[in-house]
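Everything below belongs to data21.tsv, which stores TSV, C-alpha atoms.
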chain	number	residue	atom	x	y	z
A	1	MET	CA	-4.40	-16.13	5.83
A	2	ASN	CA	-3.04	-13.65	8.34
A	3	PRO	CA	-5.08	-10.60	7.53
A	4	TRP	CA	-3.94	-7.11	8.32
A	5	PRO	CA	-5.77	-6.17	11.51
A	6	TRP	CA	-8.62	-3.66	11.40
A	7	TYR	CA	-6.50	-1.01	13.08
A	8	VAL	CA	-4.11	-1.14	10.14
A	9	GLY	CA	-6.67	-1.45	7.32
A	10	GLY	CA	-8.95	1.28	8.61
A	11	PRO	CA	-6.32	3.99	9.13
A	12	LEU	CA	-4.83	3.16	5.72
A	13	ILE	CA	-8.19	3.99	4.17
A	14	ALA	CA	-8.12	7.29	6.06
A	15	LEU	CA	-4.63	7.88	4.66
A	16	ILE	CA	-6.03	7.50	1.13
A	17	LEU	CA	-8.76	10.00	2.03
A	18	PHE	CA	-6.12	12.42	3.28
A	19	LEU	CA	-3.89	12.04	0.23
A	20	LEU	CA	-6.79	12.60	-2.16
A	21	LEU	CA	-8.00	15.68	-0.26
A	22	TYR	CA	-4.43	16.96	-0.06
A	23	PHE	CA	-4.19	16.80	-3.84
A	24	GLY	CA	-7.46	18.67	-4.24
A	25	LYS	CA	-9.52	15.59	-5.11
A	26	SER	CA	-12.04	13.46	-3.23
A	27	PHE	CA	-12.44	9.85	-2.16
A	28	GLY	CA	-15.35	8.20	-3.93
A	29	MET	CA	-14.94	5.03	-5.98
A	30	SER	CA	-18.42	4.69	-7.47
A	31	SER	CA	-17.91	7.82	-9.59
A	32	ASN	CA	-15.60	5.72	-11.73
A	33	LEU	CA	-18.58	3.66	-12.85
A	34	ARG	CA	-20.19	6.84	-14.11
A	35	THR	CA	-17.00	7.90	-15.87
A	36	ILE	CA	-16.77	4.53	-17.61
A	37	CYS	CA	-20.34	5.00	-18.86
A	38	THR	CA	-19.35	8.38	-20.28
A	39	ILE	CA	-16.28	6.96	-21.97
A	40	CYS	CA	-18.58	4.38	-23.57
A	41	GLY	CA	-20.77	7.12	-25.02
A	42	ALA	CA	-23.63	7.30	-22.53
A	43	GLY	CA	-23.48	11.09	-22.80
A	44	LYS	CA	-25.34	10.85	-26.08
A	45	ARG	CA	-28.37	9.39	-24.30
A	46	SER	CA	-28.38	11.21	-21.00
A	47	ASP	CA	-27.20	14.56	-19.68
A	48	PHE	CA	-26.06	12.81	-16.55
A	49	PHE	CA	-23.14	11.43	-18.51
A	50	LYS	CA	-22.38	14.62	-20.40
A	51	PHE	CA	-19.14	15.75	-18.87
A	52	ASP	CA	-15.52	15.80	-19.82
A	53	TRP	CA	-14.37	12.42	-18.61
A	54	ARG	CA	-10.76	13.53	-18.89
A	55	LYS	CA	-11.32	15.63	-15.79
A	56	GLN	CA	-11.97	12.39	-13.95
A	57	GLN	CA	-8.82	10.65	-15.08
A	58	TRP	CA	-7.32	11.02	-11.61
A	59	ASN	CA	-10.11	8.83	-10.21
A	60	LEU	CA	-9.60	6.21	-12.90
A	61	LEU	CA	-5.99	6.23	-11.76
A	62	VAL	CA	-7.10	5.50	-8.21
A	63	ALA	CA	-9.17	2.58	-9.52
A	64	SER	CA	-6.18	1.35	-11.50
A	65	GLY	CA	-4.15	1.59	-8.33
A	66	ALA	CA	-6.71	-0.60	-6.60
A	67	ILE	CA	-6.35	-3.16	-9.38
A	68	ILE	CA	-2.56	-3.13	-9.10
A	69	GLY	CA	-2.77	-3.25	-5.31
A	70	GLY	CA	-5.03	-6.29	-5.51
A	71	TRP	CA	-2.57	-7.96	-7.85
A	72	ILE	CA	0.47	-7.25	-5.68
A	73	ALA	CA	-1.30	-8.23	-2.47
A	74	SER	CA	-2.63	-11.52	-3.78
A	75	THR	CA	0.43	-12.52	-5.77
A	76	TYR	CA	3.27	-11.49	-3.51
A	77	LEU	CA	1.89	-10.89	-0.05
A	78	THR	CA	-0.54	-13.74	0.43
A	79	GLU	CA	0.43	-17.37	0.66
A	80	ASP	CA	-2.94	-18.69	1.73
A	81	PRO	CA	-5.90	-16.55	0.69
A	82	SER	CA	-8.52	-18.35	2.78
A	83	VAL	CA	-10.56	-15.99	4.92
A	84	LEU	CA	-11.12	-17.38	8.40
A	85	ILE	CA	-14.47	-16.01	9.44
A	86	HIS	CA	-16.27	-16.93	12.65
A	87	LYS	CA	-17.04	-20.63	12.98
A	88	ASP	CA	-20.73	-19.94	13.48
A	89	THR	CA	-20.76	-18.09	10.19
A	90	ILE	CA	-18.90	-20.92	8.47
A	91	ALA	CA	-21.49	-23.34	9.84
A	92	LYS	CA	-24.35	-21.15	8.66
A	93	LEU	CA	-22.87	-20.85	5.18
A	94	GLN	CA	-22.31	-24.62	5.03
A	95	GLN	CA	-26.03	-25.02	5.67
A	96	LEU	CA	-26.72	-22.66	2.79
A	97	ASN	CA	-24.59	-24.85	0.54
A	98	ILE	CA	-21.58	-22.56	0.54
A	99	LYS	CA	-19.08	-25.28	1.39
A	100	SER	CA	-16.04	-23.18	0.54
A	101	ALA	CA	-16.52	-20.96	3.61
A	102	GLY	CA	-13.28	-20.78	5.55
A	103	THR	CA	-11.21	-22.19	2.69
A	104	ALA	CA	-11.24	-19.40	0.14
A	105	TYR	CA	-11.20	-15.64	-0.29
A	106	LEU	CA	-14.43	-15.62	-2.29
A	107	PRO	CA	-17.09	-18.38	-2.29
A	108	LYS	CA	-16.20	-20.76	-5.11
A	109	GLU	CA	-19.91	-21.54	-5.44
A	110	LEU	CA	-20.43	-18.01	-6.74
A	111	PHE	CA	-17.10	-16.96	-8.15
A	112	SER	CA	-15.30	-19.89	-9.69
A	113	LEU	CA	-15.13	-19.63	-13.47
A	114	ASN	CA	-16.72	-23.07	-13.90
A	115	ASN	CA	-19.79	-21.99	-12.00
A	116	LEU	CA	-20.25	-18.87	-14.10
A	117	LEU	CA	-21.97	-21.05	-16.68
A	118	LYS	CA	-24.76	-21.82	-14.24
A	119	PRO	CA	-27.61	-19.37	-14.86
A	120	LYS	CA	-28.30	-19.02	-11.13
A	121	VAL	CA	-24.71	-18.04	-10.39
A	122	LEU	CA	-24.47	-15.68	-13.34
A	123	SER	CA	-27.71	-13.93	-12.42
A	124	THR	CA	-26.64	-13.61	-8.78
A	125	LEU	CA	-23.46	-11.79	-9.78
A	126	ALA	CA	-25.27	-9.77	-12.43
A	127	ILE	CA	-28.12	-8.65	-10.18
A	128	GLY	CA	-25.72	-7.95	-7.32
A	129	GLY	CA	-23.59	-5.79	-9.58
A	130	PHE	CA	-26.59	-4.01	-11.08
A	131	LEU	CA	-27.98	-3.12	-7.64
A	132	VAL	CA	-24.58	-1.82	-6.53
A	133	GLY	CA	-24.21	0.35	-9.61
A	134	PHE	CA	-27.75	1.65	-9.64
A	135	GLY	CA	-27.95	2.14	-5.89
A	136	ALA	CA	-24.61	3.91	-5.66
A	137	ARG	CA	-25.52	6.40	-8.33
A	138	TYR	CA	-29.01	7.00	-6.93
A	139	ALA	CA	-27.53	7.54	-3.47
A	140	GLY	CA	-24.75	9.64	-4.94
A	141	GLY	CA	-21.98	7.48	-3.54
A	142	CYS	CA	-20.97	4.14	-2.09
A	143	THR	CA	-19.19	3.25	1.16
A	144	SER	CA	-16.13	5.33	0.28
A	145	GLY	CA	-18.13	8.38	-0.74
A	146	HIS	CA	-20.68	8.28	2.07
A	147	ALA	CA	-19.52	6.12	4.96
A	148	ILE	CA	-15.98	7.50	4.84
A	149	SER	CA	-15.89	10.84	3.03
A	150	GLY	CA	-19.45	11.99	3.68
A	151	LEU	CA	-19.62	11.07	7.34
A	152	SER	CA	-16.11	12.47	7.90
A	153	ASN	CA	-17.51	15.74	6.62
A	154	LEU	CA	-20.42	15.36	9.05
A	155	GLN	CA	-22.97	15.22	6.25
A	156	LEU	CA	-26.39	14.16	7.54
A	157	VAL	CA	-27.43	12.89	4.13
A	158	SER	CA	-24.48	10.49	4.17
A	159	LEU	CA	-25.89	9.07	7.38
A	160	TYR	CA	-29.20	8.43	5.56
A	161	ALA	CA	-27.23	6.66	2.84
A	162	VAL	CA	-25.18	4.55	5.26
A	163	ILE	CA	-28.29	3.55	7.20
A	164	GLY	CA	-29.79	2.59	3.85
A	165	PHE	CA	-26.69	0.52	3.01
A	166	PHE	CA	-27.13	-1.41	6.22
A	167	ILE	CA	-30.85	-1.90	5.89
A	168	GLY	CA	-30.31	-3.25	2.39
A	169	GLY	CA	-27.42	-5.44	3.42
A	170	LEU	CA	-29.23	-6.87	6.42
A	171	LEU	CA	-32.38	-7.53	4.37
A	172	MET	CA	-30.34	-9.38	1.76
A	173	ASN	CA	-28.21	-11.27	4.27
A	174	HIS	CA	-30.95	-12.42	6.64
A	175	PHE	CA	-34.04	-12.72	4.48
A	176	LEU	CA	-33.08	-13.08	0.85
A	177	LEU	CA	-29.78	-14.97	0.66
A	178	PRO	CA	-31.22	-18.05	2.37
A	179	TYR	CA	-33.61	-18.35	-0.56
A	180	ILE	CA	-31.16	-17.36	-3.24
A	181	LEU	CA	-28.23	-19.57	-2.27
B	1	MET	CA	-8.56	-3.83	0.66
B	2	PHE	CA	-7.18	-7.25	-0.14
B	3	LYS	CA	-4.92	-7.81	2.85
B	4	SER	CA	-7.46	-6.50	5.33
B	5	GLU	CA	-9.97	-8.94	3.76
B	6	ALA	CA	-12.45	-6.09	3.25
B	7	ALA	CA	-12.76	-7.31	-0.35
B	8	SER	CA	-13.90	-10.75	0.75
B	9	TRP	CA	-17.54	-11.77	0.24
B	10	PHE	CA	-17.20	-13.88	3.37
B	11	ARG	CA	-16.23	-10.90	5.51
B	12	ILE	CA	-19.23	-8.91	4.28
B	13	TYR	CA	-21.51	-11.86	5.06
B	14	GLU	CA	-19.96	-12.16	8.51
B	15	MET	CA	-20.38	-8.41	9.05
B	16	PHE	CA	-24.11	-8.53	8.40
B	17	GLN	CA	-24.31	-11.51	10.74
B	18	PHE	CA	-22.64	-9.40	13.44
B	19	LYS	CA	-20.23	-12.22	14.13
B	20	SER	CA	-17.02	-10.21	14.15
B	21	PHE	CA	-15.81	-6.74	14.99
B	22	HIS	CA	-13.28	-6.79	12.12
B	23	MET	CA	-15.25	-4.98	9.39
B	24	TYR	CA	-16.74	-2.53	11.89
B	25	GLY	CA	-13.23	-1.88	13.14
B	26	ILE	CA	-12.01	-1.11	9.65
B	27	ILE	CA	-14.89	1.22	8.77
B	28	GLY	CA	-14.96	2.76	12.26
B	29	SER	CA	-11.26	3.51	12.48
B	30	ALA	CA	-11.21	4.82	8.91
B	31	LEU	CA	-14.10	7.08	9.82
B	32	GLY	CA	-12.56	8.12	13.13
B	33	PHE	CA	-9.39	9.29	11.48
B	34	GLY	CA	-11.42	10.59	8.56
B	35	VAL	CA	-13.33	12.97	10.81
B	36	LEU	CA	-10.08	14.22	12.36
B	37	ILE	CA	-8.52	14.71	8.93
B	38	THR	CA	-11.53	16.38	7.30
B	39	GLN	CA	-12.40	18.63	10.21
B	40	GLY	CA	-8.72	19.43	10.72
B	41	ILE	CA	-8.39	20.49	7.10
B	42	LYS	CA	-11.45	22.73	7.38
B	43	ARG	CA	-10.58	24.17	10.76
B	44	PHE	CA	-6.96	24.96	10.06
B	45	GLN	CA	-7.64	25.78	6.40
B	46	ILE	CA	-4.91	23.45	5.24
B	47	LYS	CA	-3.85	24.14	1.69
B	48	SER	CA	-3.52	21.52	-1.00
B	49	ALA	CA	-0.24	20.33	-2.48
B	50	PHE	CA	-0.71	22.97	-5.15
B	51	GLY	CA	-1.11	25.77	-2.65
B	52	GLU	CA	-4.87	26.01	-3.27
B	53	PRO	CA	-7.49	26.02	-0.51
B	54	ILE	CA	-9.03	22.58	-0.03
B	55	VAL	CA	-12.75	22.82	-0.65
B	56	ILE	CA	-14.91	19.97	0.57
B	57	PRO	CA	-18.39	20.70	-0.77
B	58	ASP	CA	-21.54	19.85	1.16
B	59	LYS	CA	-23.79	17.29	-0.44
B	60	THR	CA	-27.19	18.43	-1.73
B	61	LYS	CA	-29.87	18.15	0.92
B	62	SER	CA	-32.48	15.54	0.21
B	63	PHE	CA	-33.89	12.38	1.74
B	64	TYR	CA	-35.40	9.79	-0.55
B	65	ARG	CA	-32.58	9.47	-3.01
B	66	TYR	CA	-30.06	8.78	-0.25
B	67	SER	CA	-32.31	6.40	1.65
B	68	ILE	CA	-33.77	4.45	-1.25
B	69	GLY	CA	-30.54	4.53	-3.21
B	70	GLY	CA	-28.74	3.39	-0.08
B	71	ILE	CA	-31.05	0.44	0.45
B	72	ILE	CA	-30.72	-0.64	-3.18
B	73	PHE	CA	-26.93	-0.40	-2.91
B	74	GLY	CA	-27.04	-2.37	0.33
B	75	LEU	CA	-29.03	-5.17	-1.28
B	76	GLY	CA	-26.39	-5.41	-3.99
B	77	TRP	CA	-23.58	-5.21	-1.45
B	78	GLY	CA	-25.05	-8.06	0.55
B	79	LEU	CA	-25.55	-10.13	-2.57
B	80	SER	CA	-22.26	-9.61	-4.38
B	81	GLY	CA	-20.14	-8.95	-1.30
B	82	ALA	CA	-18.41	-6.10	-3.08
B	83	CYS	CA	-18.52	-2.31	-3.25
B	84	PRO	CA	-16.97	-0.52	-6.22
B	85	GLY	CA	-13.50	-0.23	-4.63
B	86	PRO	CA	-13.15	-3.94	-3.85
B	87	ILE	CA	-14.45	-4.79	-7.33
B	88	PHE	CA	-11.28	-3.28	-8.77
B	89	THR	CA	-9.11	-4.90	-6.11
B	90	LEU	CA	-10.58	-8.34	-6.83
B	91	LEU	CA	-10.05	-7.85	-10.54
B	92	GLY	CA	-6.37	-7.23	-9.89
B	93	ALA	CA	-6.25	-10.22	-7.58
B	94	GLY	CA	-7.30	-12.42	-10.48
B	95	PHE	CA	-10.92	-13.22	-9.61
B	96	LEU	CA	-12.06	-12.83	-13.18
B	97	SER	CA	-15.71	-13.56	-12.48
B	98	ILE	CA	-15.88	-10.18	-10.75
B	99	ILE	CA	-15.94	-8.79	-14.30
B	100	ILE	CA	-19.61	-9.80	-14.39
B	101	VAL	CA	-20.26	-7.75	-11.25
B	102	LEU	CA	-18.33	-4.84	-12.76
B	103	ILE	CA	-20.11	-4.92	-16.10
B	104	PHE	CA	-23.51	-5.01	-14.45
B	105	ALA	CA	-22.53	-2.28	-11.99
B	106	ILE	CA	-21.72	-0.14	-15.03
B	107	LEU	CA	-25.05	-1.12	-16.60
B	108	GLY	CA	-26.84	-0.26	-13.35
B	109	THR	CA	-25.15	3.14	-13.40
B	110	TRP	CA	-26.16	3.60	-17.03
B	111	PHE	CA	-29.76	2.63	-16.24
B	112	TYR	CA	-29.84	5.17	-13.43
B	113	GLY	CA	-28.74	7.89	-15.82
B	114	MET	CA	-31.54	6.97	-18.19
B	115	ILE	CA	-34.37	7.00	-15.65
B	116	MET	CA	-33.09	9.41	-13.01
B	117	HIS	CA	-35.62	12.12	-13.77
B	118	LYS	CA	-38.48	9.78	-12.96
B	119	LEU	CA	-37.15	8.88	-9.51
B	120	PRO	CA	-38.17	10.44	-6.18
B	121	ASN	CA	-35.64	12.80	-4.68
Give the structure from this file in structure tokens form.
Amino acid sequence: MNPWPWYVGGPLIALILFLLLYFGKSFGMSSNLRTICTICGAGKRSDFFKFDWRKQQWNLLVASGAIIGGWIASTYLTEDPSVLIHKDTIAKLQQLNIKSAGTAYLPKELFSLNNLLKPKVLSTLAIGGFLVGFGARYAGGCTSGHAISGLSNLQLVSLYAVIGFFIGGLLMNHFLLPYIL
Amino acid sequence: MFKSEAASWFRIYEMFQFKSFHMYGIIGSALGFGVLITQGIKRFQIKSAFGEPIVIPDKTKSFYRYSIGGIIFGLGWGLSGACPGPIFTLLGAGFLSIIIVLIFAILGTWFYGMIMHKLPN
């Protein structure tokens, strides 16, 4: 597909940051995971989830916006969703048995509904999700909360978090994925 | 997220392979403008849409939780190719299997809440 260039995508993210700050809120998507836990009753088991989730409805609205945006973008604005990454990367992924590299938005080997029935695929998605959820809460934020909001506010601790994100990502990408895939 | 391909597992893989500037450009330019916006708001004491002062609180000072939590998040990011924001985007885009990632991200959050007092700060 013809992706929006980085100098459009990046500033748009900053625009979201501005709009949220302008309306007295903040930009941090992982908090929604915590809010969902609270809505599901986690507050009965842990003080961490004891808060009035209605005060976080604005953030759930942002998440809903992301869902709608994804729907509009994929349905109306994208004829061919294949992501054309670097040919060396495509070659590398082919070697790791990800043949759909360069032909799809997400690797079919991991994300097609047929493959969900394979235990290895299901556990990859499950463990990946679990680590994201656990890690984001432990670090007090994800890329939006730390790499964008936190670093924009010149918070040193956000730098620790972002360095952590990269160490983790590089470890997974270079040392673990070759065994997992 | 979708049109810039930041929600694509392939782009995250490529990013950690350092094979393209694209993802760094997105994060870098977002951050560049983000600094200008945030510091501008603080410096010029810009008021919110409701006429209130905009307060951007500092994060609590600590080390281990940010570093270890960050690494754990990074491992998940590298594996699933998605952060929380893109998870919602991909859901809207019809990639239903991302529901598994979402459910387990919620479970991971829940688990954190249950054991948080035992973790190093």
Tell me which residues come within 10 Å of (-22.3, -7.4, -0.2), as an mmCIF file with C-alpha atoms, in the frame of the given file, counting all atoms listed in the file in the file's coordinates.
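Saved result, out29.cif, follows:
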data_model
loop_
_atom_site.group_PDB
_atom_site.id
_atom_site.type_symbol
_atom_site.label_atom_id
_atom_site.label_comp_id
_atom_site.auth_asym_id
_atom_site.auth_seq_id
_atom_site.Cartn_x
_atom_site.Cartn_y
_atom_site.Cartn_z
ATOM 1 C CA GLY A 128 -25.720 -7.950 -7.320
ATOM 2 C CA GLY A 129 -23.590 -5.790 -9.580
ATOM 3 C CA VAL A 132 -24.580 -1.820 -6.530
ATOM 4 C CA PHE A 165 -26.690 0.520 3.010
ATOM 5 C CA GLY A 168 -30.310 -3.250 2.390
ATOM 6 C CA GLY A 169 -27.420 -5.440 3.420
ATOM 7 C CA LEU A 170 -29.230 -6.870 6.420
ATOM 8 C CA MET A 172 -30.340 -9.380 1.760
ATOM 9 C CA ASN A 173 -28.210 -11.270 4.270
ATOM 10 C CA ALA B 7 -12.760 -7.310 -0.350
ATOM 11 C CA SER B 8 -13.900 -10.750 0.750
ATOM 12 C CA TRP B 9 -17.540 -11.770 0.240
ATOM 13 C CA PHE B 10 -17.200 -13.880 3.370
ATOM 14 C CA ARG B 11 -16.230 -10.900 5.510
ATOM 15 C CA ILE B 12 -19.230 -8.910 4.280
ATOM 16 C CA TYR B 13 -21.510 -11.860 5.060
ATOM 17 C CA MET B 15 -20.380 -8.410 9.050
ATOM 18 C CA PHE B 16 -24.110 -8.530 8.400
ATOM 19 C CA PHE B 73 -26.930 -0.400 -2.910
ATOM 20 C CA GLY B 74 -27.040 -2.370 0.330
ATOM 21 C CA LEU B 75 -29.030 -5.170 -1.280
ATOM 22 C CA GLY B 76 -26.390 -5.410 -3.990
ATOM 23 C CA TRP B 77 -23.580 -5.210 -1.450
ATOM 24 C CA GLY B 78 -25.050 -8.060 0.550
ATOM 25 C CA LEU B 79 -25.550 -10.130 -2.570
ATOM 26 C CA SER B 80 -22.260 -9.610 -4.380
ATOM 27 C CA GLY B 81 -20.140 -8.950 -1.300
ATOM 28 C CA ALA B 82 -18.410 -6.100 -3.080
ATOM 29 C CA CYS B 83 -18.520 -2.310 -3.250
#
Residues within 10 Å of Trp53 of chain A, all atoms listed in the file, excluding chain neighbours under 3 positions, as a list in words: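 Counting all atoms listed in the file, the residues come to Asn32, Arg34, Thr35, Ile36, Cys37, Thr38, Ile39, Phe49, Lys50, Gln56, Gln57 and Leu60 of chain A.
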Pairwise distance for atom CA of Asn115 of chain A and atom CA of Ala91 of chain A, rounded to one decimal in Å: 21.9 Å
Atom pair atom CA of Ala147 of chain A / atom CA of Ala105 of chain B: separation (Å):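 Atom CA of Ala147 of chain A sits 19.2 Å away from atom CA of Ala105 of chain B.
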Distance criterion (all atoms listed in the file): nearest to chain A out of B:Ile98, B:Ile56, B:Leu119, B:Val35: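 For chain A, the nearest of the given residues is B:Val35.
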Which of A:Leu20, A:Ser82, A:Ile180, A:Trp4 sits closest to chain B [using all atoms listed in the file]: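 Among the listed residues, A:Trp4 lies closest to chain B.
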Shortest interatomic distance to chain A - which of B:Ile99, B:Gly40, B:His117, B:Leu31, counting all atoms listed in the file: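 Ranking B:Ile99, B:Gly40, B:His117, B:Leu31 by distance to chain A, first place goes to B:Leu31.
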